[in-house]
Structure formats: structure tokens, C-alpha cells
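Shown next: entry_26.cif, containing mmCIF, C-alpha atoms.
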data_model
#
loop_
_atom_site.group_PDB
_atom_site.id
_atom_site.type_symbol
_atom_site.label_atom_id
_atom_site.label_comp_id
_atom_site.auth_asym_id
_atom_site.auth_seq_id
_atom_site.Cartn_x
_atom_site.Cartn_y
_atom_site.Cartn_z
ATOM 1 C CA GLN C 5 93.921 74.876 61.950
ATOM 2 C CA VAL C 6 94.570 78.245 63.543
ATOM 3 C CA GLN C 7 96.858 80.874 62.089
ATOM 4 C CA VAL C 8 98.193 83.749 64.111
ATOM 5 C CA VAL C 9 99.685 86.678 62.215
ATOM 6 C CA GLU C 10 101.246 89.789 63.729
ATOM 7 C CA SER C 11 101.695 93.140 62.027
ATOM 8 C CA GLY C 12 102.609 96.717 62.841
ATOM 9 C CA GLY C 13 106.243 96.424 63.813
ATOM 10 C CA GLY C 14 108.919 98.734 62.504
ATOM 11 C CA LEU C 15 111.586 101.274 63.313
ATOM 12 C CA VAL C 16 110.757 104.181 65.595
ATOM 13 C CA GLN C 17 112.725 106.745 67.547
ATOM 14 C CA ALA C 18 112.839 106.698 71.320
ATOM 15 C CA GLY C 19 109.749 108.339 72.742
ATOM 16 C CA GLY C 20 107.662 107.342 69.749
ATOM 17 C CA SER C 21 104.677 105.018 69.418
ATOM 18 C CA LEU C 22 103.682 101.905 67.524
ATOM 19 C CA ARG C 23 100.531 99.834 67.413
ATOM 20 C CA LEU C 24 100.834 96.103 66.931
ATOM 21 C CA SER C 25 98.018 93.907 65.684
ATOM 22 C CA CYS C 26 97.559 90.160 65.861
ATOM 23 C CA ALA C 27 94.910 88.382 63.840
ATOM 24 C CA ALA C 28 93.978 84.845 64.848
ATOM 25 C CA SER C 29 92.109 83.054 62.100
ATOM 26 C CA ALA C 30 90.133 80.089 63.311
ATOM 27 C CA VAL C 31 87.480 77.644 62.307
ATOM 28 C CA SER C 32 83.940 78.766 62.931
ATOM 29 C CA GLY C 33 83.074 78.804 66.602
ATOM 30 C CA SER C 34 86.621 78.908 67.924
ATOM 31 C CA ILE C 35 86.943 81.007 71.036
ATOM 32 C CA PHE C 36 90.193 82.287 72.437
ATOM 33 C CA SER C 37 90.002 82.509 76.206
ATOM 34 C CA PHE C 38 93.324 84.267 76.584
ATOM 35 C CA MET C 39 95.602 86.221 74.266
ATOM 36 C CA ALA C 40 98.955 87.734 75.022
ATOM 37 C CA TRP C 41 101.988 89.535 73.704
ATOM 38 C CA HIS C 42 105.499 88.318 74.412
ATOM 39 C CA ARG C 43 108.844 89.644 73.280
ATOM 40 C CA GLN C 44 112.335 88.338 72.804
ATOM 41 C CA ALA C 45 115.411 90.514 72.475
ATOM 42 C CA PRO C 46 118.668 89.183 71.001
ATOM 43 C CA GLY C 47 120.476 86.999 73.508
ATOM 44 C CA LYS C 48 117.602 87.106 75.985
ATOM 45 C CA GLN C 49 114.771 84.801 76.928
ATOM 46 C CA ARG C 50 111.258 85.422 75.749
ATOM 47 C CA GLU C 51 109.210 87.388 78.273
ATOM 48 C CA LEU C 52 105.540 88.162 78.742
ATOM 49 C CA VAL C 53 104.621 91.755 77.917
ATOM 50 C CA ALA C 54 100.864 91.775 78.509
ATOM 51 C CA GLY C 55 97.883 89.461 78.437
ATOM 52 C CA ILE C 56 94.117 89.808 78.254
ATOM 53 C CA THR C 57 91.212 87.454 78.909
ATOM 54 C CA ARG C 58 88.137 87.246 76.739
ATOM 55 C CA ASP C 59 86.176 89.393 79.199
ATOM 56 C CA GLY C 60 88.844 92.086 79.188
ATOM 57 C CA ARG C 61 90.898 91.460 82.297
ATOM 58 C CA THR C 62 94.490 92.507 81.680
ATOM 59 C CA ASN C 63 97.898 92.010 83.175
ATOM 60 C CA TYR C 64 101.149 93.766 82.327
ATOM 61 C CA ALA C 65 104.816 93.263 82.939
ATOM 62 C CA ASP C 66 106.191 95.923 85.258
ATOM 63 C CA PHE C 67 108.508 97.249 82.567
ATOM 64 C CA VAL C 68 105.589 98.336 80.344
ATOM 65 C CA LYS C 69 103.029 99.506 82.883
ATOM 66 C CA GLY C 70 101.818 102.983 82.061
ATOM 67 C CA ARG C 71 103.309 102.880 78.559
ATOM 68 C CA PHE C 72 101.664 99.935 76.758
ATOM 69 C CA THR C 73 97.981 99.101 76.449
ATOM 70 C CA ILE C 74 96.634 95.720 75.390
ATOM 71 C CA SER C 75 93.158 95.312 73.921
ATOM 72 C CA ARG C 76 91.202 92.839 71.817
ATOM 73 C CA ASP C 77 88.258 92.639 69.463
ATOM 74 C CA ASN C 78 86.539 89.308 70.136
ATOM 75 C CA ALA C 79 84.335 89.543 67.052
ATOM 76 C CA LYS C 80 87.445 89.746 64.870
ATOM 77 C CA ASN C 81 89.691 87.504 67.015
ATOM 78 C CA THR C 82 92.205 90.325 66.895
ATOM 79 C CA LEU C 83 94.626 91.455 69.566
ATOM 80 C CA TYR C 84 96.289 94.861 69.777
ATOM 81 C CA LEU C 85 99.185 96.405 71.629
ATOM 82 C CA GLN C 86 99.470 100.173 71.751
ATOM 83 C CA MET C 87 103.041 101.050 72.659
ATOM 84 C CA ASN C 88 103.844 104.600 73.728
ATOM 85 C CA SER C 89 106.987 106.237 75.109
ATOM 86 C CA LEU C 90 109.111 103.544 73.507
ATOM 87 C CA LYS C 91 112.646 103.016 74.751
ATOM 88 C CA PRO C 92 115.657 101.429 73.036
ATOM 89 C CA GLU C 93 115.374 98.533 75.494
ATOM 90 C CA ASP C 94 111.938 97.744 74.044
ATOM 91 C CA THR C 95 113.689 96.561 70.877
ATOM 92 C CA ALA C 96 112.707 92.935 70.319
ATOM 93 C CA VAL C 97 110.648 90.548 68.251
ATOM 94 C CA TYR C 98 107.087 90.782 69.526
ATOM 95 C CA SER C 99 104.973 87.645 69.252
ATOM 96 C CA CYS C 100 101.333 87.010 69.887
ATOM 97 C CA ASN C 101 99.711 83.875 71.220
ATOM 98 C CA ALA C 102 96.113 82.801 71.434
ATOM 99 C CA LYS C 103 94.809 80.112 73.780
ATOM 100 C CA THR C 104 91.564 78.286 73.048
ATOM 101 C CA LEU C 105 88.981 77.166 75.596
ATOM 102 C CA TYR C 106 90.402 73.656 75.225
ATOM 103 C CA GLY C 107 93.828 74.833 76.326
ATOM 104 C CA THR C 108 95.654 74.743 73.005
ATOM 105 C CA THR C 109 97.970 77.690 72.430
ATOM 106 C CA TYR C 110 98.901 78.998 68.997
ATOM 107 C CA TRP C 111 101.816 81.307 68.284
ATOM 108 C CA GLY C 112 102.548 83.751 65.516
ATOM 109 C CA GLN C 113 105.918 84.256 63.838
ATOM 110 C CA GLY C 114 106.479 87.655 65.401
ATOM 111 C CA THR C 115 107.079 91.188 64.247
ATOM 112 C CA GLN C 116 110.277 93.167 64.747
ATOM 113 C CA VAL C 117 110.184 96.355 66.791
ATOM 114 C CA THR C 118 113.317 98.484 66.749
ATOM 115 C CA VAL C 119 113.641 101.628 68.840
ATOM 116 C CA SER C 120 116.535 103.929 68.026
ATOM 117 C CA SER C 121 118.093 106.237 70.583
#

Rewritten as C-alpha cells:
Amino acid sequence: QVQVVESGGGLVQAGGSLRLSCAASAVSGSIFSFMAWHRQAPGKQRELVAGITRDGRTNYADFVKGRFTISRDNAKNTLYLQMNSLKPEDTAVYSCNAKTLYGTTYWGQGTQVTVSS
């Protein structure tokens, strides 16, 4: 069984920064080919924020390019999201997912990010 746990959310003023972490615990030998951050604001659909492959290729949503940076530590099965220049519209629940080589995707419960104006 795989558990995915996010941390690092909180309340920050506009223009501030936060760093999110996502730890994927897995049975020995599990490899996550792709990991990503999504977010869901109240009343809106969940949207992809950024993703990263095991070899470090990244993709970002246009609304975070230049402000957010995704990274991962394969040895620790941990995903990060450095968020700078935060805006009130970035307020959402941020969730992490991890996809195994066999195609199974696991989701975390999410962490709340609130940006005040």
C-alpha cells in the first residue's frame, strides 16, 4: 500500500513564499515514474499545477510559470513545490499524486494554502 502525505501549507501574505512537501511511502522497490501537484479552489475544478518525471523533466501550468518550482528527491520518494510571489488567487487545497511504473496513481489528502491580500 502506498501513502501520500502533503505538508507545508499555511497562511501567507500576497507576495510571500511557501514550500510544500509530499512524501510517498511505498513498499521496497516501488518507483514513481511521475509525480505532480494539483490544486482545487472552492467552487472550481481541480487543476494541474506542475509535474515532474523521474529523470527531472518538468511541466508547469501557465499561471505558475516563473513563480513556482517543482522538484523531487527520488531516494526519498519526496516531491516539493517552491511557491514564490504568491497571489490571493493561488488560494486552494494543494494535492500531490504519485504514479508508479505500472500506471497506478496515488493521491494525498491535500494541504491548504491561503494567500491574503

Response to the item:
Shortest contact to C:Ser29, candidates C:Ser75, C:Gln7, C:Ser99, C:Thr62, atoms counted all atoms listed in the file, goes to C:Gln7

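Taking atom CA of C:Ala18 as the reference point, atom CA of C:Val119 is found at 5.7 Å.
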
Item to complete: Excluding C:Trp111 and any residue of its chain fewer than 5 positions from it, enumerate the residues within 7 Å of it, using all atoms listed in the file, and give them as JSON, numbers by chain.
Response: {"C": [8, 100, 101, 102]}

Discussion item. If I take atom CA of C:Ser120 and atom CA of C:Asn88, how far is one from the other in Å, to one decimal?
Written reply: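 If I compute the distance from atom CA of C:Ser120 to atom CA of C:Asn88, I get 13.9 Å.
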
Discussion item. Using all atoms listed in the file, can you tell me which of C:Thr82, C:Ser37, C:Gln116, C:Thr95 comes closest to C:Thr57?
Written reply: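 Once distances to C:Thr57 are computed over all atoms listed in the file, the minimum belongs to C:Ser37.
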
Worksheet item: Between C:Arg58, C:Lys80, C:Val97, C:Lys103, which one has atoms that come closest to C:Thr115, using only C-alpha atoms?
Response: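 For C:Thr115, the nearest of the candidates is C:Val97.
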
Worksheet item: What does the distance from atom CA of C:Ala79 to atom CA of C:Arg50 come to in Å, to one decimal?
Response: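 Answer for the atom CA of C:Ala79 to atom CA of C:Arg50 separation: 28.6 Å.
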
Worksheet item: So what does the PyMOL selection byres ((chain C and resi 56) around 10) actually pick up in this one, as a list in words?
Response: Ser37, Phe38, Met39, Ala40, Trp41, Ala54, Gly55, Thr57, Arg58, Asp59, Gly60, Arg61, Thr62, Asn63, Tyr64, Ile74, Ser75, Arg76, Leu83 and Ala102 of chain C

Pull C-alpha atoms from the residues just selected and write them as a PDB file, keeping the file's coordinate frame.
ATOM      1  CA  SER C  37      90.002  82.509  76.206  1.00  0.00           C
ATOM      2  CA  PHE C  38      93.324  84.267  76.584  1.00  0.00           C
ATOM      3  CA  MET C  39      95.602  86.221  74.266  1.00  0.00           C
ATOM      4  CA  ALA C  40      98.955  87.734  75.022  1.00  0.00           C
ATOM      5  CA  TRP C  41     101.988  89.535  73.704  1.00  0.00           C
ATOM      6  CA  ALA C  54     100.864  91.775  78.509  1.00  0.00           C
ATOM      7  CA  GLY C  55      97.883  89.461  78.437  1.00  0.00           C
ATOM      8  CA  THR C  57      91.212  87.454  78.909  1.00  0.00           C
ATOM      9  CA  ARG C  58      88.137  87.246  76.739  1.00  0.00           C
ATOM     10  CA  ASP C  59      86.176  89.393  79.199  1.00  0.00           C
ATOM     11  CA  GLY C  60      88.844  92.086  79.188  1.00  0.00           C
ATOM     12  CA  ARG C  61      90.898  91.460  82.297  1.00  0.00           C
ATOM     13  CA  THR C  62      94.490  92.507  81.680  1.00  0.00           C
ATOM     14  CA  ASN C  63      97.898  92.010  83.175  1.00  0.00           C
ATOM     15  CA  TYR C  64     101.149  93.766  82.327  1.00  0.00           C
ATOM     16  CA  ILE C  74      96.634  95.720  75.390  1.00  0.00           C
ATOM     17  CA  SER C  75      93.158  95.312  73.921  1.00  0.00           C
ATOM     18  CA  ARG C  76      91.202  92.839  71.817  1.00  0.00           C
ATOM     19  CA  LEU C  83      94.626  91.455  69.566  1.00  0.00           C
ATOM     20  CA  ALA C 102      96.113  82.801  71.434  1.00  0.00           C
TER      21      ALA C 102
END

Worksheet item: Pick from C:Ser21, C:Ser34, C:Gln113, C:Val68: nearest to C:Asn81, with all atoms listed in the file counted?
Response: C:Ser34
